[in-house]
Each structure stands twice: as structure tokens, then as C-alpha cells.
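With compact mmCIF, C-alpha atoms and all ligand atoms inside, this is upload_22.txt:
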```txt
# COMPACT_ATOMS: atom_id res chain seq x y z
CA ASN A 213 207.17 -84.63 152.62
CA LEU A 214 204.91 -86.09 149.95
CA SER A 215 206.43 -88.53 147.42
CA GLU A 216 206.92 -87.42 143.79
CA ARG A 217 204.34 -90.01 142.80
CA LEU A 218 201.63 -88.59 145.06
CA LYS A 219 202.65 -84.99 144.29
CA THR A 220 202.11 -85.74 140.62
CA ALA A 221 198.65 -87.17 141.34
CA ALA A 222 197.84 -84.19 143.59
CA SER A 223 198.90 -81.74 140.86
CA TYR A 224 195.76 -82.68 138.90
CA LEU A 225 193.42 -81.39 141.61
CA PRO A 226 192.08 -77.90 140.92
CA ALA A 227 192.16 -75.15 143.57
CA GLY A 228 189.33 -75.56 146.03
CA ALA A 229 188.92 -79.23 145.21
CA VAL A 230 186.22 -81.19 147.00
CA PHE A 231 187.55 -84.66 146.53
CA ALA A 232 187.92 -88.22 147.78
CA ASP A 233 191.17 -90.13 148.15
CA ILE A 234 190.20 -93.80 148.05
CA GLY A 235 192.66 -96.25 149.62
CA SER A 236 194.24 -93.29 151.36
CA ASP A 237 196.39 -95.28 153.80
CA HIS A 238 198.12 -92.52 155.85
CA ALA A 239 195.99 -89.79 154.25
CA TYR A 240 199.19 -88.04 153.20
CA LEU A 241 197.73 -86.74 149.93
CA PRO A 242 194.53 -85.17 151.32
CA CYS A 243 196.49 -83.63 154.23
CA TYR A 244 199.07 -82.19 151.82
CA ILE A 245 196.35 -80.59 149.68
CA CYS A 246 194.22 -79.29 152.57
CA GLN A 247 197.26 -77.76 154.28
CA LYS A 248 198.12 -75.78 151.16
CA ASP A 249 194.62 -74.95 150.02
CA ASP A 250 192.26 -73.43 152.55
CA GLN A 251 189.17 -74.07 150.42
CA ALA A 252 189.90 -77.73 149.71
CA ARG A 253 187.91 -80.47 151.43
CA ALA A 254 188.57 -84.19 151.34
CA VAL A 255 187.19 -87.58 152.22
CA ALA A 256 189.90 -90.15 152.92
CA GLY A 257 188.49 -93.65 152.39
CA GLU A 258 190.08 -96.84 153.68
CA VAL A 259 188.85 -100.41 153.74
CA ARG A 260 191.33 -101.71 156.33
CA VAL A 261 191.33 -100.72 159.99
CA GLY A 262 195.13 -100.33 160.32
CA PRO A 263 195.49 -97.81 157.48
CA TYR A 264 192.22 -96.15 158.58
CA ASN A 265 193.73 -95.56 162.02
CA SER A 266 196.93 -94.20 160.45
CA ALA A 267 194.82 -91.79 158.40
CA VAL A 268 192.91 -90.64 161.49
CA SER A 269 196.16 -89.91 163.33
CA THR A 270 197.80 -88.05 160.41
CA VAL A 271 194.70 -85.85 160.10
CA LYS A 272 194.65 -85.13 163.85
CA PHE A 273 198.39 -84.48 163.88
CA HIS A 274 198.01 -81.77 161.23
CA GLY A 275 194.91 -80.29 162.86
CA LEU A 276 192.84 -80.96 159.76
CA THR A 277 189.85 -82.79 161.26
CA ASN A 278 187.46 -80.12 159.98
CA LYS A 279 188.75 -80.53 156.40
CA VAL A 280 189.71 -84.17 155.92
CA ASP A 281 187.00 -86.65 156.85
CA VAL A 282 188.41 -90.16 157.30
CA ARG A 283 185.93 -92.96 156.63
CA LEU A 284 186.15 -96.73 156.90
CA GLY A 285 184.61 -98.67 154.01
CA ASP A 286 185.02 -100.40 150.68
CA GLY A 287 185.80 -98.18 147.69
CA LEU A 288 183.28 -95.48 146.89
CA GLU A 289 180.69 -96.79 149.38
CA VAL A 290 182.09 -94.27 151.89
CA LEU A 291 180.68 -91.45 149.71
CA SER A 292 177.14 -90.20 149.37
CA PRO A 293 175.96 -89.44 145.84
CA ASN A 294 177.07 -86.01 144.55
CA GLU A 295 179.41 -85.46 147.47
CA VAL A 296 182.71 -84.90 145.67
CA ASN A 297 183.94 -83.45 142.38
CA GLN A 298 187.22 -85.31 142.03
CA ILE A 299 188.41 -88.78 142.98
CA VAL A 300 191.99 -89.91 143.51
CA ILE A 301 192.80 -93.64 143.56
CA ALA A 302 196.52 -94.29 143.85
CA GLY A 303 198.92 -97.10 144.63
CA MET A 304 196.79 -100.10 143.65
CA GLY A 305 196.65 -102.42 140.68
CA GLY A 306 194.65 -101.28 137.67
CA SER A 307 192.15 -104.13 137.98
CA LEU A 308 191.31 -103.15 141.55
CA ILE A 309 190.98 -99.46 140.58
CA GLN A 310 188.69 -100.40 137.73
CA SER A 311 186.51 -102.59 139.95
CA ILE A 312 186.28 -99.87 142.63
CA LEU A 313 185.08 -97.40 139.97
CA GLN A 314 182.62 -99.89 138.49
CA LYS A 315 181.13 -100.86 141.87
CA GLY A 316 180.78 -97.22 142.84
CA ILE A 317 179.45 -95.96 139.53
CA ASP A 318 176.33 -94.47 141.19
CA LYS A 319 178.61 -92.14 143.19
CA LEU A 320 180.19 -90.56 140.14
CA GLY A 321 177.34 -88.16 139.24
CA THR A 322 179.26 -85.00 140.19
CA VAL A 323 182.73 -86.41 139.65
CA GLU A 324 184.29 -84.27 136.94
CA ARG A 325 187.79 -85.68 137.23
CA ILE A 326 189.28 -89.04 138.11
CA ILE A 327 192.98 -89.20 138.96
CA ALA A 328 194.33 -92.75 138.94
CA GLN A 329 197.78 -94.10 139.67
CA PRO A 330 197.70 -97.80 138.83
CA ASN A 331 200.84 -99.71 139.86
CA VAL A 332 200.22 -102.29 137.13
CA ASN A 333 197.60 -102.87 134.45
CA ALA A 334 196.90 -99.23 133.64
CA ARG A 335 195.25 -100.64 130.51
CA ASN A 336 192.22 -101.79 132.55
CA VAL A 337 191.77 -98.34 134.01
CA ARG A 338 192.05 -96.66 130.60
CA ARG A 339 189.49 -99.02 129.12
CA TRP A 340 187.05 -98.39 131.97
CA LEU A 341 187.50 -94.61 131.70
CA ARG A 342 186.93 -94.67 127.96
CA ARG A 343 183.80 -96.78 128.24
CA ASN A 344 182.35 -94.61 130.99
CA ASN A 345 182.79 -91.22 129.34
CA TYR A 346 185.95 -90.08 131.08
CA MET A 347 188.49 -88.75 128.61
CA ILE A 348 192.15 -89.01 129.51
CA VAL A 349 193.41 -85.40 129.52
CA ASP A 350 196.92 -86.04 130.77
CA GLU A 351 199.31 -88.84 131.70
CA GLN A 352 202.71 -88.84 133.32
CA ILE A 353 205.33 -91.39 134.18
CA VAL A 354 207.10 -90.93 137.49
CA GLU A 355 210.25 -92.79 138.45
CA GLU A 356 210.80 -93.32 142.15
CA ASN A 357 213.26 -95.65 143.90
CA GLY A 358 213.71 -97.67 140.72
CA HIS A 359 209.96 -98.11 140.28
CA ILE A 360 207.94 -96.65 137.45
CA TYR A 361 204.51 -95.23 138.14
CA GLU A 362 201.89 -94.00 135.71
CA VAL A 363 199.54 -91.21 136.72
CA LEU A 364 196.36 -90.62 134.69
CA ALA A 365 193.94 -87.70 134.80
CA ALA A 366 190.57 -88.08 133.08
CA ASP A 367 187.65 -85.66 132.75
CA LYS A 368 184.00 -86.45 132.32
CA TYR A 369 182.44 -85.40 129.07
CA ALA A 370 178.70 -85.29 128.47
CA GLU A 371 178.59 -86.41 124.85
CA ASP A 372 181.07 -88.73 123.27
CA PRO A 373 183.02 -86.51 120.87
CA PHE A 374 184.71 -89.37 119.03
CA GLU A 375 182.58 -92.45 119.50
CA GLU A 376 185.38 -94.77 118.56
CA GLU A 377 187.22 -96.96 121.01
CA LEU A 378 190.82 -96.25 121.89
CA LEU A 379 193.11 -98.56 119.94
CA GLU A 380 194.54 -101.49 121.88
CA GLN A 381 197.98 -99.84 121.64
CA GLN A 382 196.63 -96.62 123.11
CA LEU A 383 195.10 -98.57 125.99
CA LEU A 384 198.37 -100.36 126.64
CA PHE A 385 200.82 -97.47 126.35
CA GLY A 386 198.48 -94.60 127.16
CA PRO A 387 197.21 -92.26 124.43
CA ILE A 388 199.16 -89.27 125.74
CA LEU A 389 202.31 -91.11 126.81
CA LEU A 390 202.40 -92.64 123.34
CA GLU A 391 202.43 -89.12 121.86
CA LYS A 392 204.92 -87.61 124.29
CA LYS A 393 207.17 -90.58 124.95
CA PRO A 394 209.03 -89.13 127.94
CA SER A 395 212.37 -90.77 128.78
CA ALA A 396 210.89 -92.87 131.60
CA PHE A 397 208.48 -94.28 129.03
CA TYR A 398 211.43 -95.92 127.21
CA TYR A 399 212.83 -97.13 130.50
CA LYS A 400 209.49 -98.71 131.42
CA TRP A 401 208.87 -100.42 128.09
CA GLU A 402 212.45 -101.74 127.68
CA HIS A 403 211.90 -103.40 131.01
CA GLU A 404 208.40 -104.68 130.14
CA LEU A 405 209.65 -106.05 126.83
CA ALA A 406 212.42 -108.05 128.50
CA LYS A 407 209.88 -109.42 130.98
CA LEU A 408 207.38 -110.30 128.28
CA GLU A 409 210.00 -112.09 126.19
CA ARG A 410 211.01 -114.19 129.19
CA VAL A 411 207.36 -115.10 129.78
CA ILE A 412 206.88 -116.08 126.14
CA ASP A 413 209.97 -118.32 126.28
CA GLU A 414 208.74 -120.01 129.44
CA MET A 415 205.27 -120.56 128.00
CA LYS A 416 206.66 -122.04 124.82
CA LYS A 417 208.71 -124.51 126.84
CA ALA A 418 205.84 -125.39 129.14
CA SER A 419 203.11 -126.45 126.76
CA GLU A 420 201.41 -126.14 123.42
CA LYS A 421 198.08 -125.32 125.05
CA ASN A 422 198.79 -121.65 125.58
CA MET A 423 198.92 -120.77 121.91
CA ASP A 424 196.31 -118.00 122.17
CA LYS A 425 198.06 -116.36 125.08
CA ILE A 426 201.43 -116.74 123.40
CA SER A 427 200.27 -115.11 120.19
CA GLN A 428 198.63 -112.29 122.17
CA PHE A 429 201.94 -111.73 124.02
CA GLU A 430 203.92 -111.94 120.78
CA MET A 431 201.70 -109.30 119.26
CA GLU A 432 202.20 -107.07 122.28
CA SER A 433 205.95 -107.52 122.23
CA ALA A 434 205.90 -106.52 118.54
CA TRP A 435 203.96 -103.36 119.49
CA ILE A 436 206.51 -102.58 122.19
CA ARG A 437 209.46 -103.08 119.83
CA GLU A 438 207.78 -100.80 117.32
CA VAL A 439 207.18 -98.09 119.91
CA LEU A 440 210.80 -98.39 121.07
CA GLY A 441 211.95 -98.13 117.47
CA ARG A 442 213.65 -101.52 117.27
N1 LIG B 1 196.92 -94.20 148.12
C1 LIG B 1 198.12 -94.37 148.93
C2 LIG B 1 199.34 -94.20 148.08
O1 LIG B 1 199.21 -94.21 146.85
O2 LIG B 1 200.44 -94.06 148.63
C3 LIG B 1 198.14 -95.74 149.59
C4 LIG B 1 198.36 -96.89 148.65
S1 LIG B 1 198.30 -98.43 149.50
C5 LIG B 1 199.50 -99.37 148.67
C6 LIG B 1 196.76 -99.09 148.99
C7 LIG B 1 195.67 -98.85 150.04
O3 LIG B 1 194.40 -99.09 149.45
C8 LIG B 1 195.80 -99.76 151.23
O4 LIG B 1 195.85 -98.99 152.41
C9 LIG B 1 194.51 -100.59 151.18
O5 LIG B 1 193.99 -100.89 152.45
C10 LIG B 1 193.57 -99.69 150.41
N2 LIG B 1 192.50 -100.38 149.70
C11 LIG B 1 192.56 -101.52 148.96
N3 LIG B 1 191.36 -101.82 148.45
C12 LIG B 1 190.51 -100.86 148.86
C13 LIG B 1 189.11 -100.63 148.69
N4 LIG B 1 188.36 -101.47 147.99
N5 LIG B 1 188.56 -99.54 149.28
C14 LIG B 1 189.31 -98.68 149.99
N6 LIG B 1 190.63 -98.86 150.20
C15 LIG B 1 191.23 -99.93 149.64
```
Show me this structure written as C-alpha cells.
Ligand code: SAM
Amino acid sequence: NLSERLKTAASYLPAGAVFADIGSDHAYLPCYICQKDDQARAVAGEVRVGPYNSAVSTVKFHGLTNKVDVRLGDGLEVLSPNEVNQIVIAGMGGSLIQSILQKGIDKLGTVERIIAQPNVNARNVRRWLRRNNYMIVDEQIVEENGHIYEVLAADKYAEDPFEEELLEQQLLFGPILLEKKPSAFYYKWEHELAKLERVIDEMKKASEKNMDKISQFEMESAWIREVLGR
């Protein structure tokens, strides 16, 4: 059975999706989709041999070898240009997701939707999406085994309808999560605030040299308190 986290990511794939799941590990997500949806086709990409082999065996086990193509390689290099219409990248840090997208930018020609689930640093992913003409159309927070996960769905747009950058607060909290503020959002940011305040205390004790970083963090903790209404 697929985790809530991956089900949430999968829910952003349209019927008949032709997509890639990058960093697929066991290929659970593409197998789940291709079992339910006869028209769907997937590439499962993996950079490490162990997870690649796990993906190959999951796909064989479910009899999906004609629908899920497992490929060994770094990021989007496993794709040919114009091969897929959606890309899922889940379960990695936001900086890694952003660098995979940036390195593979020439493979995004036909990619209408990017679904990202950054474990940390979602801000980096949002900034990359914004700067590369993908507009965030939905965001969710999923709580699973005491962990909080953010899932982002972004669609390509031809012309920039707004031209302005997202505000730093929108990049940090997520433009849609900031509007909706689901209950897990409060849970996440209470936790992040406590962490940030501990870091600020430590930095203040450690040295005077980190003043820029400290004032950046203090500004962010003020944003968080504001969003939490305290
Ligand atoms: N996507 C699955 C999920 O969300 O449950 C698996 C997440 S797992 C924690 C991250 C996977 O990404 C690992 O199997 C790792 O080998 C793979 N990975 C890391 N960097 C990668 C890259 N540059 N290209 C492809 N796969 C990568």
C-alpha cells in the first residue's frame, strides 16, 4: 500500500499520464499509478544500483514491465527530450531537487507539470519553479509518522502572467499553504520556530561573526511568529 505522502504526490498526475518518477527507489509510485490507470506510462529513474534493482523487481512483480521503464542514471539524464509530460521528484532535499531540475532543464520541453515533495528546503524548489515559468497550482502538507512533508504541484505557463517574484515569505511558507494554513501547517511552523530560536541562541553564544546570518534568522523567526499569530 502506497504511503499517504506518495499518494498525495500521485494525486496530481492526470489520467493517462506519461511521466517520470526521478529517484524512484522501489518504483512504488509509478507501479501504483500504472496498475490503476491502463493508459499511464512511466519512466522510473534511479542513480544508485541498489534502489534501481529494487525498482526493477517491483515492476516485474506487478507485471508492469511494458508500462514502467526503469532506468539507471543521474536525474533527468535518463530521459530523452520531449519524452514525458509530468515529472515527480519526491523524498529528497529541496536543494537536490532544484539541482536535478536545473541540470536537466533541456528535458523539460514537454513537461507541463512538476510534482515535487522536498523533505527540507522547499523554498529552493519554489524559487526554481518561479524562475523557470512553472506556477505553483497547489500545495499540501502531509503528516506521516510524526514527520511533516510538503507536496507541490506546478504547471508550466508560456508567458509570465505576473512578472513579479514571489515574496520571500511566499517562498518560505508556500504561496498556497500561506493562504490555506491547514492544521499541519501550524504544527510544522511551531516546530520550525522552536528549532530556529535554538539555533539563534547557539549562534549568539558562539561568536559575533555570524551577525548577517543571525539577523536573517531573526527576520525569519519574526515572519513565522506573525504567520502563527503570536
Ligand atoms: N521517491 C521515493 C519516495 O519518495 O519514497 C524514494 C525517495 S529516496 C529517500 C531518494 C532516492 O533518490 C534514493 O533512492 C536515491 O538513490 C535517489 N536519488 C538521489 N539523487 C538522485 C539523482 N540525482 N538522480 C536519480 N535518483 C537520485
Write out, as a Markdown table, each residue of chain A that has an atom at most 6 Å from ligand LIG 1 (chain B), together with the closest pair of atoms and their distance in Å to one decimal, counting only C-alpha atoms and all ligand atoms, rows going by chain and rising number.
```
| residue | atom | partner | partner_atom | distance |
| --- | --- | --- | --- | --- |
| A:Ile234 | CA | B:LIG1 | C14 | 5.3 |
| A:Gly235 | CA | B:LIG1 | O3 | 3.3 |
| A:Ser236 | CA | B:LIG1 | N1 | 4.3 |
| A:Asp237 | CA | B:LIG1 | O4 | 4.0 |
| A:Gly257 | CA | B:LIG1 | C14 | 5.6 |
| A:Glu258 | CA | B:LIG1 | N6 | 4.1 |
| A:Val259 | CA | B:LIG1 | C14 | 4.2 |
| A:Arg260 | CA | B:LIG1 | O5 | 4.8 |
| A:Pro263 | CA | B:LIG1 | O4 | 5.2 |
| A:Asp286 | CA | B:LIG1 | N5 | 3.9 |
| A:Gly287 | CA | B:LIG1 | N5 | 3.5 |
| A:Ala302 | CA | B:LIG1 | O1 | 4.0 |
| A:Gly303 | CA | B:LIG1 | O1 | 3.7 |
| A:Met304 | CA | B:LIG1 | C6 | 5.4 |
| A:Ile312 | CA | B:LIG1 | N4 | 6.0 |
```
Might I get the box with edges along x, y and z of the file that holds all atoms of range 228-237 of chain A listed there, padded by 4 Å on every side, given as centre and edge lengths in Å to one decimal, as JSON?
```
{"center_x": 191.3, "center_y": -85.9, "center_z": 149.5, "size_x": 18.2, "size_y": 28.7, "size_z": 16.6}
```
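Using all atoms listed in the file, the nearest neighbour of Asn297 in chain A within the list A:Leu384, A:Leu379, A:Leu225, A:Leu214 is A:Leu225.
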Exercise for review: Find the residue from A:Asp249, A:Ser292, A:His403, A:Asn422 that sits nearest to Gly316 in chain A; use only C-alpha atoms when measuring.
Suggested key: A:Ser292
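With distances restricted to all atoms listed in the file, A:Trp435 is the closest residue to Glu402 in chain A from A:Phe231, A:Trp435, A:Tyr346, A:Tyr369.
CA of Gly306 in chain A is found 22.7 Å from CA of Gly262 in chain A.
Taking CA of Ala227 in chain A and CA of Val323 in chain A as endpoints, the distance between them is 15.2 Å.
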Revision key, fill the gap. CA of Leu284 in chain A sits from CA of Ser307 in chain A at a separation of 21.2 Å
Practice item. Select, counting all atoms listed in the file, all protein, DNA and RNA residues no farther than 12 Å from (179.1, -96.5, 139.2) in file coordinates, and express the selection as a list of chain:residue names. Key: A:Gly287, A:Leu288, A:Glu289, A:Leu291, A:Pro293, A:Asn294, A:Gln310, A:Ser311, A:Ile312, A:Leu313, A:Gln314, A:Lys315, A:Gly316, A:Ile317, A:Asp318, A:Lys319, A:Leu320, A:Gly321, A:Thr322, A:Val323, A:Trp340, A:Leu341, A:Arg343, A:Asn344, A:Asn345
Exercise for review: May I have the residues at most 10 Å from (185.5, -86.1, 157.6) in the file's coordinates, counting all atoms listed in the file, as a PyMOL selection string?
Suggested key: chain A and resi 253-257+268+271+276-283
Point to revise | Pick from A:Ser266, A:Lys219, A:Gln329, A:Gln251 nearest to Ala239 in chain A, counting only C-alpha atoms | key: A:Ser266
Do a neighbour search on Val300 in chain A at 8 Å with only C-alpha atoms, toss out local chain neighbours closer than 3 positions, and write the hits as a CSV table (one decimal) with C-alpha atoms, in the coordinates of the input.
```csv
chain,number,residue,atom,x,y,z
A,221,ALA,CA,198.6,-87.2,141.3
A,231,PHE,CA,187.6,-84.7,146.5
A,232,ALA,CA,187.9,-88.2,147.8
A,233,ASP,CA,191.2,-90.1,148.2
A,234,ILE,CA,190.2,-93.8,148.0
A,326,ILE,CA,189.3,-89.0,138.1
A,327,ILE,CA,193.0,-89.2,139.0
A,328,ALA,CA,194.3,-92.8,138.9
```
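For the choices A:Glu404, A:Asp413, A:Glu362, A:Asp424, the atom-to-atom distance to Arg437 in chain A is smallest for A:Glu404 when using only C-alpha atoms.
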Could you name the residues that touch Arg410 in chain A at 12 Å or less, counting all atoms listed in the file, but leaving out those on the same chain fewer than 6 positions away, as a tab-separated table (two decimals) with C-alpha atoms, in the frame of the given file?
```
chain	number	residue	atom	x	y	z
A	403	HIS	CA	211.90	-103.40	131.01
A	404	GLU	CA	208.40	-104.68	130.14
A	416	LYS	CA	206.66	-122.04	124.82
A	417	LYS	CA	208.71	-124.51	126.84
A	426	ILE	CA	201.43	-116.74	123.40
A	429	PHE	CA	201.94	-111.73	124.02
A	430	GLU	CA	203.92	-111.94	120.78
A	433	SER	CA	205.95	-107.52	122.23
```
